[in-house]
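Q: Shown below is the structure under consideration.
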Amino acid sequence: MTDPSDTRVGETAGGPETPPRPPAGGGGTGSTGRRATLAVTFLTGIPLKVEGEVSPGDLWGSMGWYPPVGLAMGAAAWGVYAGLLSFLPGLVAATLAVILLELLTRGLHLDGLMDTADGLLSSAPRERALEIMKDHNVGAMGVAAAVLLLVLKVAALGALTRADAAAPLLAGWCAARALPALNVYWWPYARAAGTGEAFTRAHTPRPLQLAGGFLLAGVVAAGLAGLWAGAAGSWYTGLVVAVVAMGVALGVQAAAAKRLGGLTGDVYGMGIELAEAAALVTGCAIVGLAP
């Protein structure tokens with residue numbers, strides 16, 4: 001997820017450049033399906049049609065549906081990776097799986113990682129750092145961050161067997177997409193205005209609770225999938241992956257919030273990328289520590 005104040009978000013979502021913004025309180029009986037559809041369109045390049053008017057409450061509410069979208073993406077990647085391992089070396093299969101995942105998101109979160117790296121590692125004052133993050137041009141630190149993270153993902157996934165990759169991909173991708181709801185609920189938006197501010201207007205706990213419930217279901221599913229496939233570790237592997245992945249991302253985001261006075265959509269995207277990489281590395285550590 002990149003910075004929603006940038007018009008590129010609307011393009012990634014497959015809709016207009018900025019989400020419709022009718023009076024707050026919209027939603028109605030069709031809001032559940034609308035919010036689930038918004039979750040898919042914001043997190044992927046799948047061009048689903050969003051029915052009805054979209055309110056700020058719908059934007060915040062859609063974040064409760066992010067974890068199952070992540071779980072589905074992780075499941076798709078696991079299937080592709082397992083199939084490719086039948087006739088390709090591990091690193092090649094991992095590279096193709098990671099490319100597939102980035103294509104599925106159109107590099108949305110990777111863009112957030114690069115923009116955040118450029119801003120936070122610039123040593124510039126807060127306001128200048130925010131300006132750098134909003135700039136469409138990518139600097140050396142952003143490129144380096146993206147390359148290093150992609151290399152880490154490929155290397156970690158390529159070191160896992162098809163069975164051992166289950167929990168990191170399922171629980172990791174699900175946990176990574178539970179982060180935006182936590183980010184919005186815990187930290188203020190770092191900019192005074194922008195489309196992304198619409199996500200932060202309604203701080204009702206329901207979307208956060210929904211995301212937590214989906215995350216728990218995803219963790220259980222990941223553990224069971226690993227056991228079924230004969231992976232190293234135990235039923236709690238998915239829980240360990242999710243906790244470590246979210247802990248790493250939240251730690252970095254807390255430092256970013258201290259520097260920026262809050263978070264932006266770019267930092268949300270960075271958190272997703274960091275959580276995914278941490279999940280894969282944790283999967284490797286579990287295999288190495290398993291008896």
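Please note that chains go A, B, ... in the order of the structure tokens, that every chain numbers its residues from 1, and that ligands are numbered from 1 in the order shown.
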So which residues touch A:Thr282 within 10 Å, counting only C-alpha atoms, skipping near sequence neighbours fewer than 4 positions away, as a ChimeraX atom specification?

A: /A:156,167-168,172,237,240-245,276-278,286-288

Q: Which residues of stretch 48-141 of chain A sit at most 12 Å from stretch 209-220 of chain A, using only C-alpha atoms? Give each one's shortest atom pair and distance in Å (one decimal place), in chain and ascending residue order, as CSV.

A:
residue,atom,partner,partner_atom,distance
A:Trp60,CA,A:Ala211,CA,11.3
A:Gly61,CA,A:Leu210,CA,9.0
A:Ser62,CA,A:Ala211,CA,9.5
A:Met63,CA,A:Ala211,CA,7.1
A:Gly64,CA,A:Ala211,CA,4.2
A:Trp65,CA,A:Ala211,CA,6.2
A:Tyr66,CA,A:Ala211,CA,7.0
A:Pro67,CA,A:Leu215,CA,5.9
A:Pro68,CA,A:Phe214,CA,6.2
A:Val69,CA,A:Phe214,CA,9.8
A:Gly70,CA,A:Gly218,CA,9.2
A:Leu71,CA,A:Gly218,CA,6.4
A:Ala72,CA,A:Gly218,CA,9.6
A:Met73,CA,A:Gly218,CA,11.8
A:Gly74,CA,A:Gly218,CA,10.2
A:Ala75,CA,A:Gly218,CA,10.4

Q: From the set A:Gly139, A:Pro205, A:Gly119, A:Gly247, which residue has the shortest atom-to-atom contact distance to A:Leu260, counting only C-alpha atoms?

A: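 Once distances to A:Leu260 are computed over only C-alpha atoms, the minimum belongs to A:Gly119.
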
Q: Do a neighbour search on A:Ala190 at 7 Å with only C-alpha atoms, toss out local chain neighbours closer than 2 positions, and write the hits as a PyMOL selection string.

A: chain A and resi 188+192+260-264

Q: As an NGL selection string, which residues of stretch 82-187 of chain A does DSSP assign to helix (DSSP H, G or I)?

A: :A and (82-84 or 90-105 or 108-120 or 126-134 or 140-158 or 166-176 or 179-186)

Q: A:Ala145, A:Leu100, A:Leu208, A:Ala279: which is nearest A:Asn183, counting only C-alpha atoms?

A: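 Nearest candidate to A:Asn183 out of A:Ala145, A:Leu100, A:Leu208, A:Ala279: A:Leu208.
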
Q: Report as a VMD selection string all protein, DNA and RNA residues lying within 12 Å of A:Glu102, evaluated on only C-alpha atoms, omitting residues in the same chain fewer than 4 positions from it.

A: chain A and resid 1 43 to 45 73 to 74 77 95 to 98 106 to 111 146 150 153 273 276

Q: Between atom CA of A:Ala129 and atom CA of A:Leu59, measure the distance and give it in Å to one decimal.

A: 26.1 Å

Q: Using only C-alpha atoms, can you tell me which of A:Ala176, A:Thr204, A:Arg191, A:Gly269 comes closest to A:Glu127?

A: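 Going through A:Ala176, A:Thr204, A:Arg191, A:Gly269 one by one, the smallest distance to A:Glu127 is for A:Arg191.
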